[in-house]
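Coordinates as given in model09.cif (mmCIF, N, CA and C atoms):
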data_model
loop_
_atom_site.group_PDB
_atom_site.id
_atom_site.type_symbol
_atom_site.label_atom_id
_atom_site.label_comp_id
_atom_site.auth_asym_id
_atom_site.auth_seq_id
_atom_site.Cartn_x
_atom_site.Cartn_y
_atom_site.Cartn_z
ATOM 1 N N MET J 10 -6.861 0.368 23.299
ATOM 2 C CA MET J 10 -7.558 -0.348 24.347
ATOM 3 C C MET J 10 -6.566 -1.144 25.184
ATOM 4 N N LYS J 11 -6.932 -1.368 26.416
ATOM 5 C CA LYS J 11 -6.089 -2.172 27.277
ATOM 6 C C LYS J 11 -6.155 -3.633 26.851
ATOM 7 N N LYS J 12 -5.085 -4.343 27.132
ATOM 8 C CA LYS J 12 -5.053 -5.764 26.788
ATOM 9 C C LYS J 12 -6.064 -6.557 27.602
ATOM 10 N N THR J 13 -6.276 -6.165 28.854
ATOM 11 C CA THR J 13 -7.250 -6.900 29.675
ATOM 12 C C THR J 13 -8.667 -6.714 29.148
ATOM 13 N N LEU J 14 -8.944 -5.529 28.621
ATOM 14 C CA LEU J 14 -10.274 -5.283 28.063
ATOM 15 C C LEU J 14 -10.513 -6.163 26.844
ATOM 16 N N LEU J 15 -9.524 -6.254 25.971
ATOM 17 C CA LEU J 15 -9.647 -7.127 24.801
ATOM 18 C C LEU J 15 -9.742 -8.594 25.215
ATOM 19 N N PHE J 16 -8.988 -8.972 26.227
ATOM 20 C CA PHE J 16 -9.068 -10.346 26.728
ATOM 21 C C PHE J 16 -10.459 -10.644 27.267
ATOM 22 N N ASN J 17 -11.032 -9.700 28.013
ATOM 23 C CA ASN J 17 -12.376 -9.897 28.575
ATOM 24 C C ASN J 17 -13.433 -9.975 27.479
ATOM 25 N N TYR J 18 -13.314 -9.125 26.457
ATOM 26 C CA TYR J 18 -14.238 -9.208 25.328
ATOM 27 C C TYR J 18 -14.136 -10.566 24.635
ATOM 28 N N GLY J 19 -12.921 -11.006 24.407
ATOM 29 C CA GLY J 19 -12.723 -12.308 23.772
ATOM 30 C C GLY J 19 -13.275 -13.442 24.609
ATOM 31 N N LEU J 20 -13.066 -13.358 25.915
ATOM 32 C CA LEU J 20 -13.593 -14.393 26.808
ATOM 33 C C LEU J 20 -15.118 -14.400 26.810
ATOM 34 N N LEU J 21 -15.730 -13.232 26.792
ATOM 35 C CA LEU J 21 -17.197 -13.167 26.728
ATOM 36 C C LEU J 21 -17.725 -13.761 25.424
ATOM 37 N N ILE J 22 -17.051 -13.478 24.330
ATOM 38 C CA ILE J 22 -17.463 -14.054 23.043
ATOM 39 C C ILE J 22 -17.316 -15.567 23.066
ATOM 40 N N LEU J 23 -16.201 -16.052 23.611
ATOM 41 C CA LEU J 23 -15.970 -17.492 23.697
ATOM 42 C C LEU J 23 -17.022 -18.171 24.579
ATOM 43 N N LEU J 24 -17.354 -17.560 25.703
ATOM 44 C CA LEU J 24 -18.375 -18.140 26.579
ATOM 45 C C LEU J 24 -19.753 -18.128 25.929
ATOM 46 N N THR J 25 -20.052 -17.094 25.157
ATOM 47 C CA THR J 25 -21.340 -17.036 24.460
ATOM 48 C C THR J 25 -21.432 -18.112 23.386
ATOM 49 N N ILE J 26 -20.358 -18.300 22.638
ATOM 50 C CA ILE J 26 -20.339 -19.357 21.621
ATOM 51 C C ILE J 26 -20.443 -20.725 22.287
ATOM 52 N N SER J 27 -19.765 -20.904 23.412
ATOM 53 C CA SER J 27 -19.854 -22.178 24.138
ATOM 54 C C SER J 27 -21.274 -22.456 24.606
ATOM 55 N N THR J 28 -21.968 -21.426 25.045
ATOM 56 C CA THR J 28 -23.356 -21.589 25.465
ATOM 57 C C THR J 28 -24.232 -22.032 24.292
ATOM 58 N N ALA J 29 -24.015 -21.437 23.132
ATOM 59 C CA ALA J 29 -24.796 -21.817 21.947
ATOM 60 C C ALA J 29 -24.500 -23.252 21.530
ATOM 61 N N VAL J 30 -23.251 -23.653 21.586
ATOM 62 C CA VAL J 30 -22.882 -25.024 21.226
ATOM 63 C C VAL J 30 -23.489 -26.021 22.207
ATOM 64 N N ILE J 31 -23.420 -25.706 23.484
ATOM 65 C CA ILE J 31 -23.998 -26.606 24.491
ATOM 66 C C ILE J 31 -25.500 -26.741 24.298
ATOM 67 N N SER J 32 -26.171 -25.631 24.012
ATOM 68 C CA SER J 32 -27.629 -25.700 23.855
ATOM 69 C C SER J 32 -28.035 -26.512 22.626
ATOM 70 N N ASN J 33 -27.170 -26.584 21.625
ATOM 71 C CA ASN J 33 -27.523 -27.329 20.411
ATOM 72 C C ASN J 33 -27.096 -28.785 20.438
ATOM 73 N N PHE J 34 -26.037 -29.128 21.154
ATOM 74 C CA PHE J 34 -25.480 -30.463 21.026
ATOM 75 C C PHE J 34 -25.580 -31.343 22.261
ATOM 76 N N VAL J 35 -25.928 -30.809 23.413
ATOM 77 C CA VAL J 35 -26.063 -31.646 24.609
ATOM 78 C C VAL J 35 -27.500 -32.153 24.673
ATOM 79 N N SER J 36 -27.636 -33.469 24.690
ATOM 80 C CA SER J 36 -28.982 -34.043 24.632
ATOM 81 C C SER J 36 -29.596 -34.246 26.021
ATOM 82 N N ILE J 37 -28.788 -34.271 27.065
ATOM 83 C CA ILE J 37 -29.310 -34.437 28.418
ATOM 84 C C ILE J 37 -29.733 -33.063 28.931
ATOM 85 N N LYS J 38 -31.025 -32.896 29.155
ATOM 86 C CA LYS J 38 -31.577 -31.588 29.482
ATOM 87 C C LYS J 38 -31.007 -31.014 30.777
ATOM 88 N N SER J 39 -30.926 -31.815 31.824
ATOM 89 C CA SER J 39 -30.461 -31.291 33.107
ATOM 90 C C SER J 39 -28.981 -30.911 33.057
ATOM 91 N N LEU J 40 -28.199 -31.659 32.306
ATOM 92 C CA LEU J 40 -26.784 -31.330 32.152
ATOM 93 C C LEU J 40 -26.620 -30.028 31.374
ATOM 94 N N ALA J 41 -27.402 -29.877 30.309
ATOM 95 C CA ALA J 41 -27.327 -28.655 29.499
ATOM 96 C C ALA J 41 -27.720 -27.435 30.322
ATOM 97 N N ILE J 42 -28.762 -27.558 31.120
ATOM 98 C CA ILE J 42 -29.203 -26.424 31.937
ATOM 99 C C ILE J 42 -28.142 -26.055 32.963
ATOM 100 N N GLY J 43 -27.549 -27.032 33.589
ATOM 101 C CA GLY J 43 -26.497 -26.771 34.558
ATOM 102 C C GLY J 43 -25.286 -26.090 33.932
ATOM 103 N N LEU J 44 -24.866 -26.581 32.778
ATOM 104 C CA LEU J 44 -23.721 -25.980 32.091
ATOM 105 C C LEU J 44 -24.016 -24.559 31.615
ATOM 106 N N ILE J 45 -25.189 -24.365 31.058
ATOM 107 C CA ILE J 45 -25.559 -23.027 30.566
ATOM 108 C C ILE J 45 -25.675 -22.042 31.717
ATOM 109 N N MET J 46 -26.262 -22.465 32.828
ATOM 110 C CA MET J 46 -26.357 -21.566 33.983
ATOM 111 C C MET J 46 -24.986 -21.259 34.568
ATOM 112 N N GLY J 47 -24.099 -22.234 34.572
ATOM 113 C CA GLY J 47 -22.740 -21.998 35.048
ATOM 114 C C GLY J 47 -21.993 -21.002 34.173
ATOM 115 N N LEU J 48 -22.102 -21.164 32.857
ATOM 116 C CA LEU J 48 -21.457 -20.219 31.943
ATOM 117 C C LEU J 48 -22.086 -18.836 32.040
ATOM 118 N N SER J 49 -23.384 -18.789 32.220
ATOM 119 C CA SER J 49 -24.057 -17.490 32.360
ATOM 120 C C SER J 49 -23.632 -16.782 33.643
ATOM 121 N N ALA J 50 -23.467 -17.539 34.706
ATOM 122 C CA ALA J 50 -23.002 -16.947 35.966
ATOM 123 C C ALA J 50 -21.578 -16.424 35.811
ATOM 124 N N LEU J 51 -20.749 -17.163 35.096
ATOM 125 C CA LEU J 51 -19.378 -16.722 34.848
ATOM 126 C C LEU J 51 -19.359 -15.433 34.019
ATOM 127 N N LYS J 52 -20.210 -15.368 33.011
ATOM 128 C CA LYS J 52 -20.297 -14.149 32.200
ATOM 129 C C LYS J 52 -20.809 -12.975 33.037
ATOM 130 N N PHE J 53 -21.786 -13.231 33.883
ATOM 131 C CA PHE J 53 -22.321 -12.172 34.732
ATOM 132 C C PHE J 53 -21.256 -11.636 35.676
ATOM 133 N N MET J 54 -20.478 -12.536 36.276
ATOM 134 C CA MET J 54 -19.412 -12.111 37.176
ATOM 135 C C MET J 54 -18.342 -11.315 36.443
ATOM 136 N N LEU J 55 -17.999 -11.748 35.243
ATOM 137 C CA LEU J 55 -16.998 -11.037 34.453
ATOM 138 C C LEU J 55 -17.464 -9.628 34.116
ATOM 139 N N VAL J 56 -18.699 -9.501 33.681
ATOM 140 C CA VAL J 56 -19.231 -8.183 33.334
ATOM 141 C C VAL J 56 -19.362 -7.304 34.568
ATOM 142 N N SER J 57 -19.879 -7.855 35.648
ATOM 143 C CA SER J 57 -20.107 -7.014 36.826
ATOM 144 C C SER J 57 -18.811 -6.566 37.485
ATOM 145 N N PHE J 58 -17.817 -7.433 37.551
ATOM 146 C CA PHE J 58 -16.581 -7.043 38.220
ATOM 147 C C PHE J 58 -15.657 -6.222 37.324
ATOM 148 N N GLU J 59 -15.619 -6.513 36.038
ATOM 149 C CA GLU J 59 -14.695 -5.805 35.160
ATOM 150 C C GLU J 59 -15.293 -4.536 34.563
ATOM 151 N N PHE J 60 -16.492 -4.634 34.010
ATOM 152 C CA PHE J 60 -17.047 -3.510 33.269
ATOM 153 C C PHE J 60 -17.904 -2.584 34.119
ATOM 154 N N MET J 61 -18.471 -3.090 35.205
ATOM 155 C CA MET J 61 -19.266 -2.244 36.086
ATOM 156 C C MET J 61 -18.462 -1.783 37.299
ATOM 157 N N GLU J 62 -17.171 -2.067 37.296
ATOM 158 C CA GLU J 62 -16.241 -1.622 38.339
ATOM 159 C C GLU J 62 -16.629 -2.096 39.739
ATOM 160 N N LEU J 63 -17.207 -3.274 39.836
ATOM 161 C CA LEU J 63 -17.591 -3.791 41.146
ATOM 162 C C LEU J 63 -16.374 -4.215 41.964
ATOM 163 N N LYS J 64 -15.256 -4.442 41.305
ATOM 164 C CA LYS J 64 -14.057 -4.837 42.050
ATOM 165 C C LYS J 64 -13.556 -3.720 42.953
ATOM 166 N N LYS J 65 -14.001 -2.485 42.709
ATOM 167 C CA LYS J 65 -13.632 -1.353 43.555
ATOM 168 C C LYS J 65 -14.693 -1.042 44.611
ATOM 169 N N ALA J 66 -15.769 -1.804 44.615
ATOM 170 C CA ALA J 66 -16.885 -1.533 45.524
ATOM 171 C C ALA J 66 -16.596 -2.097 46.912
ATOM 172 N N ASN J 67 -17.492 -1.779 47.819
ATOM 173 C CA ASN J 67 -17.416 -2.270 49.188
ATOM 174 C C ASN J 67 -17.580 -3.793 49.199
ATOM 175 N N LEU J 68 -16.982 -4.445 50.174
ATOM 176 C CA LEU J 68 -17.047 -5.900 50.285
ATOM 177 C C LEU J 68 -18.489 -6.402 50.416
ATOM 178 N N PHE J 69 -19.348 -5.630 51.071
ATOM 179 C CA PHE J 69 -20.752 -6.026 51.220
ATOM 180 C C PHE J 69 -21.411 -6.243 49.865
ATOM 181 N N TRP J 70 -21.173 -5.341 48.914
ATOM 182 C CA TRP J 70 -21.803 -5.443 47.598
ATOM 183 C C TRP J 70 -21.246 -6.616 46.805
ATOM 184 N N LYS J 71 -19.984 -6.888 46.954
ATOM 185 C CA LYS J 71 -19.391 -8.035 46.268
ATOM 186 C C LYS J 71 -19.991 -9.340 46.777
ATOM 187 N N VAL J 72 -20.035 -9.475 48.094
ATOM 188 C CA VAL J 72 -20.550 -10.707 48.691
ATOM 189 C C VAL J 72 -22.042 -10.866 48.416
ATOM 190 N N SER J 73 -22.802 -9.787 48.518
ATOM 191 C CA SER J 73 -24.246 -9.890 48.279
ATOM 192 C C SER J 73 -24.552 -10.231 46.820
ATOM 193 N N LEU J 74 -23.779 -9.701 45.895
ATOM 194 C CA LEU J 74 -23.989 -10.023 44.483
ATOM 195 C C LEU J 74 -23.701 -11.492 44.217
ATOM 196 N N ILE J 75 -22.611 -11.996 44.750
ATOM 197 C CA ILE J 75 -22.262 -13.403 44.560
ATOM 198 C C ILE J 75 -23.301 -14.305 45.215
ATOM 199 N N PHE J 76 -23.777 -13.945 46.393
ATOM 200 C CA PHE J 76 -24.784 -14.744 47.099
ATOM 201 C C PHE J 76 -26.101 -14.789 46.326
ATOM 202 N N VAL J 77 -26.569 -13.648 45.844
ATOM 203 C CA VAL J 77 -27.827 -13.614 45.094
ATOM 204 C C VAL J 77 -27.692 -14.379 43.777
ATOM 205 N N LEU J 78 -26.560 -14.228 43.106
ATOM 206 C CA LEU J 78 -26.330 -14.978 41.875
ATOM 207 C C LEU J 78 -26.340 -16.481 42.143
ATOM 208 N N PHE J 79 -25.700 -16.892 43.238
ATOM 209 C CA PHE J 79 -25.680 -18.300 43.621
ATOM 210 C C PHE J 79 -27.095 -18.811 43.884
ATOM 211 N N LEU J 80 -27.910 -18.039 44.575
ATOM 212 C CA LEU J 80 -29.298 -18.450 44.836
ATOM 213 C C LEU J 80 -30.112 -18.570 43.560
ATOM 214 N N ILE J 81 -29.927 -17.635 42.641
ATOM 215 C CA ILE J 81 -30.673 -17.675 41.381
ATOM 216 C C ILE J 81 -30.280 -18.898 40.552
ATOM 217 N N VAL J 82 -28.980 -19.141 40.431
ATOM 218 C CA VAL J 82 -28.513 -20.288 39.648
ATOM 219 C C VAL J 82 -29.005 -21.591 40.267
ATOM 220 N N LEU J 83 -28.894 -21.726 41.586
ATOM 221 C CA LEU J 83 -29.363 -22.948 42.234
ATOM 222 C C LEU J 83 -30.868 -23.155 42.073
ATOM 223 N N SER J 84 -31.633 -22.079 42.197
ATOM 224 C CA SER J 84 -33.084 -22.236 42.062
ATOM 225 C C SER J 84 -33.469 -22.640 40.651
ATOM 226 N N VAL J 85 -32.827 -22.092 39.653
ATOM 227 C CA VAL J 85 -33.136 -22.485 38.268
ATOM 228 C C VAL J 85 -32.738 -23.929 38.012
ATOM 229 N N VAL J 86 -31.583 -24.320 38.486
ATOM 230 C CA VAL J 86 -31.125 -25.700 38.259
ATOM 231 C C VAL J 86 -32.026 -26.690 38.987
ATOM 232 N N PHE J 87 -32.420 -26.396 40.226
ATOM 233 C CA PHE J 87 -33.275 -27.329 40.962
ATOM 234 C C PHE J 87 -34.707 -27.359 40.420
ATOM 235 N N ILE J 88 -35.213 -26.238 39.957
ATOM 236 C CA ILE J 88 -36.572 -26.223 39.397
ATOM 237 C C ILE J 88 -36.617 -26.988 38.077
ATOM 238 N N SER J 89 -35.546 -26.928 37.317
ATOM 239 C CA SER J 89 -35.545 -27.584 36.001
ATOM 240 C C SER J 89 -35.473 -29.105 36.108
ATOM 241 N N ASN J 90 -35.038 -29.620 37.249
ATOM 242 C CA ASN J 90 -34.942 -31.085 37.396
ATOM 243 C C ASN J 90 -36.224 -31.672 37.782
#

The structure in this file should be written as structure tokens.
Amino acid sequence: MKKTLLFNYGLLILLTISTAVISNFVSIKSLAIGLIMGLSALKFMLVSFEFMELKKANLFWKVSLIFVLFLIVLSVVFISN
């Protein structure tokens, strides 16, 4: 396997464990939701650009994916407050 692939797998595992730790130990609900959504967005970007080969796609698809992800994260964070 490529070293970058192993690095990405390790990073995804680390981000998933961080999400579980945040959900169990952060007592402020709005802070926990913001952190979890941020980590989830980071994981989504990592998977979409590295494993779904979006980095080779047209610029329109890259920008539209980031924009829609940004809208989803913002709407969840604002609704939860």

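Considering only C-alpha atoms, the residue among J:Leu40, J:Met46, J:Leu14, J:Met54 positioned nearest to Lys71 in chain J is J:Met54.
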
Edge lengths and centre in Å, axis-aligned, range 17-29 of chain J plus 5 Å each side, as lines of an AutoDock Vina configuration file:
center_x = -17.9
center_y = -16.2
center_z = 25.1
size_x = 23.8
size_y = 24.1
size_z = 17.0

My list of candidates is J:Val86, J:Leu21, J:Val77, J:Val30. Which is closest to Leu51 in chain J when distances are computed with only N, CA and C atoms?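 Selected residue with least distance to Leu51 in chain J: J:Leu21.
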
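As for CA of Leu78 in chain J and CA of Ile37 in chain J, they are spaced 23.8 Å apart.
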
Give me, please, the distance in Å between CA of Phe60 in chain J and atom C of Leu15 in chain J, quoted to one decimal.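 Between CA of Phe60 in chain J and atom C of Leu15 in chain J the gap works out to 12.0 Å.
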
Could you tell me how far atom C of Leu20 in chain J lies from CA of Ile45 in chain J, in Å and to one decimal?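 For atom C of Leu20 in chain J relative to CA of Ile45 in chain J, the distance reads 14.1 Å.
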
Evaluate the PyMOL selection byres (((chain J and resi 82 and name CA) around 12) and name CA) against this structure - the residues, as a ChimeraX atom specification, please. /J:42-51,53,75-81,83-89

Written selection (N, CA and C atoms) as a PDB file, keeping the file's coordinate frame:
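The new file part_18.pdb reads:
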ATOM      1  N   ILE J  42     -28.762 -27.558  31.120  1.00  0.00           N
ATOM      2  CA  ILE J  42     -29.203 -26.424  31.937  1.00  0.00           C
ATOM      3  C   ILE J  42     -28.142 -26.055  32.963  1.00  0.00           C
ATOM      4  N   GLY J  43     -27.549 -27.032  33.589  1.00  0.00           N
ATOM      5  CA  GLY J  43     -26.497 -26.771  34.558  1.00  0.00           C
ATOM      6  C   GLY J  43     -25.286 -26.090  33.932  1.00  0.00           C
ATOM      7  N   LEU J  44     -24.866 -26.581  32.778  1.00  0.00           N
ATOM      8  CA  LEU J  44     -23.721 -25.980  32.091  1.00  0.00           C
ATOM      9  C   LEU J  44     -24.016 -24.559  31.615  1.00  0.00           C
ATOM     10  N   ILE J  45     -25.189 -24.365  31.058  1.00  0.00           N
ATOM     11  CA  ILE J  45     -25.559 -23.027  30.566  1.00  0.00           C
ATOM     12  C   ILE J  45     -25.675 -22.042  31.717  1.00  0.00           C
ATOM     13  N   MET J  46     -26.262 -22.465  32.828  1.00  0.00           N
ATOM     14  CA  MET J  46     -26.357 -21.566  33.983  1.00  0.00           C
ATOM     15  C   MET J  46     -24.986 -21.259  34.568  1.00  0.00           C
ATOM     16  N   GLY J  47     -24.099 -22.234  34.572  1.00  0.00           N
ATOM     17  CA  GLY J  47     -22.740 -21.998  35.048  1.00  0.00           C
ATOM     18  C   GLY J  47     -21.993 -21.002  34.173  1.00  0.00           C
ATOM     19  N   LEU J  48     -22.102 -21.164  32.857  1.00  0.00           N
ATOM     20  CA  LEU J  48     -21.457 -20.219  31.943  1.00  0.00           C
ATOM     21  C   LEU J  48     -22.086 -18.836  32.040  1.00  0.00           C
ATOM     22  N   SER J  49     -23.384 -18.789  32.220  1.00  0.00           N
ATOM     23  CA  SER J  49     -24.057 -17.490  32.360  1.00  0.00           C
ATOM     24  C   SER J  49     -23.632 -16.782  33.643  1.00  0.00           C
ATOM     25  N   ALA J  50     -23.467 -17.539  34.706  1.00  0.00           N
ATOM     26  CA  ALA J  50     -23.002 -16.947  35.966  1.00  0.00           C
ATOM     27  C   ALA J  50     -21.578 -16.424  35.811  1.00  0.00           C
ATOM     28  N   LEU J  51     -20.749 -17.163  35.096  1.00  0.00           N
ATOM     29  CA  LEU J  51     -19.378 -16.722  34.848  1.00  0.00           C
ATOM     30  C   LEU J  51     -19.359 -15.433  34.019  1.00  0.00           C
ATOM     31  N   PHE J  53     -21.786 -13.231  33.883  1.00  0.00           N
ATOM     32  CA  PHE J  53     -22.321 -12.172  34.732  1.00  0.00           C
ATOM     33  C   PHE J  53     -21.256 -11.636  35.676  1.00  0.00           C
ATOM     34  N   ILE J  75     -22.611 -11.996  44.750  1.00  0.00           N
ATOM     35  CA  ILE J  75     -22.262 -13.403  44.560  1.00  0.00           C
ATOM     36  C   ILE J  75     -23.301 -14.305  45.215  1.00  0.00           C
ATOM     37  N   PHE J  76     -23.777 -13.945  46.393  1.00  0.00           N
ATOM     38  CA  PHE J  76     -24.784 -14.744  47.099  1.00  0.00           C
ATOM     39  C   PHE J  76     -26.101 -14.789  46.326  1.00  0.00           C
ATOM     40  N   VAL J  77     -26.569 -13.648  45.844  1.00  0.00           N
ATOM     41  CA  VAL J  77     -27.827 -13.614  45.094  1.00  0.00           C
ATOM     42  C   VAL J  77     -27.692 -14.379  43.777  1.00  0.00           C
ATOM     43  N   LEU J  78     -26.560 -14.228  43.106  1.00  0.00           N
ATOM     44  CA  LEU J  78     -26.330 -14.978  41.875  1.00  0.00           C
ATOM     45  C   LEU J  78     -26.340 -16.481  42.143  1.00  0.00           C
ATOM     46  N   PHE J  79     -25.700 -16.892  43.238  1.00  0.00           N
ATOM     47  CA  PHE J  79     -25.680 -18.300  43.621  1.00  0.00           C
ATOM     48  C   PHE J  79     -27.095 -18.811  43.884  1.00  0.00           C
ATOM     49  N   LEU J  80     -27.910 -18.039  44.575  1.00  0.00           N
ATOM     50  CA  LEU J  80     -29.298 -18.450  44.836  1.00  0.00           C
ATOM     51  C   LEU J  80     -30.112 -18.570  43.560  1.00  0.00           C
ATOM     52  N   ILE J  81     -29.927 -17.635  42.641  1.00  0.00           N
ATOM     53  CA  ILE J  81     -30.673 -17.675  41.381  1.00  0.00           C
ATOM     54  C   ILE J  81     -30.280 -18.898  40.552  1.00  0.00           C
ATOM     55  N   LEU J  83     -28.894 -21.726  41.586  1.00  0.00           N
ATOM     56  CA  LEU J  83     -29.363 -22.948  42.234  1.00  0.00           C
ATOM     57  C   LEU J  83     -30.868 -23.155  42.073  1.00  0.00           C
ATOM     58  N   SER J  84     -31.633 -22.079  42.197  1.00  0.00           N
ATOM     59  CA  SER J  84     -33.084 -22.236  42.062  1.00  0.00           C
ATOM     60  C   SER J  84     -33.469 -22.640  40.651  1.00  0.00           C
ATOM     61  N   VAL J  85     -32.827 -22.092  39.653  1.00  0.00           N
ATOM     62  CA  VAL J  85     -33.136 -22.485  38.268  1.00  0.00           C
ATOM     63  C   VAL J  85     -32.738 -23.929  38.012  1.00  0.00           C
ATOM     64  N   VAL J  86     -31.583 -24.320  38.486  1.00  0.00           N
ATOM     65  CA  VAL J  86     -31.125 -25.700  38.259  1.00  0.00           C
ATOM     66  C   VAL J  86     -32.026 -26.690  38.987  1.00  0.00           C
ATOM     67  N   PHE J  87     -32.420 -26.396  40.226  1.00  0.00           N
ATOM     68  CA  PHE J  87     -33.275 -27.329  40.962  1.00  0.00           C
ATOM     69  C   PHE J  87     -34.707 -27.359  40.420  1.00  0.00           C
ATOM     70  N   ILE J  88     -35.213 -26.238  39.957  1.00  0.00           N
ATOM     71  CA  ILE J  88     -36.572 -26.223  39.397  1.00  0.00           C
ATOM     72  C   ILE J  88     -36.617 -26.988  38.077  1.00  0.00           C
ATOM     73  N   SER J  89     -35.546 -26.928  37.317  1.00  0.00           N
ATOM     74  CA  SER J  89     -35.545 -27.584  36.001  1.00  0.00           C
ATOM     75  C   SER J  89     -35.473 -29.105  36.108  1.00  0.00           C
TER      76      SER J  89
END

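The closest residue to Ile26 in chain J, picked from J:Asn90, J:Lys52, J:Glu59, J:Lys11 and counting only C-alpha atoms, is J:Lys52.
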
I need the alpha helix (DSSP H) residues of chain J per DSSP on the backbone, written as an NGL selection string. :J and (12-34 or 38-55 or 68-89)

Using only N, CA and C atoms, the shortest atom-to-atom distance to Asn17 in chain J among J:Asn33, J:Glu62, J:Leu55, J:Lys38 belongs to J:Leu55
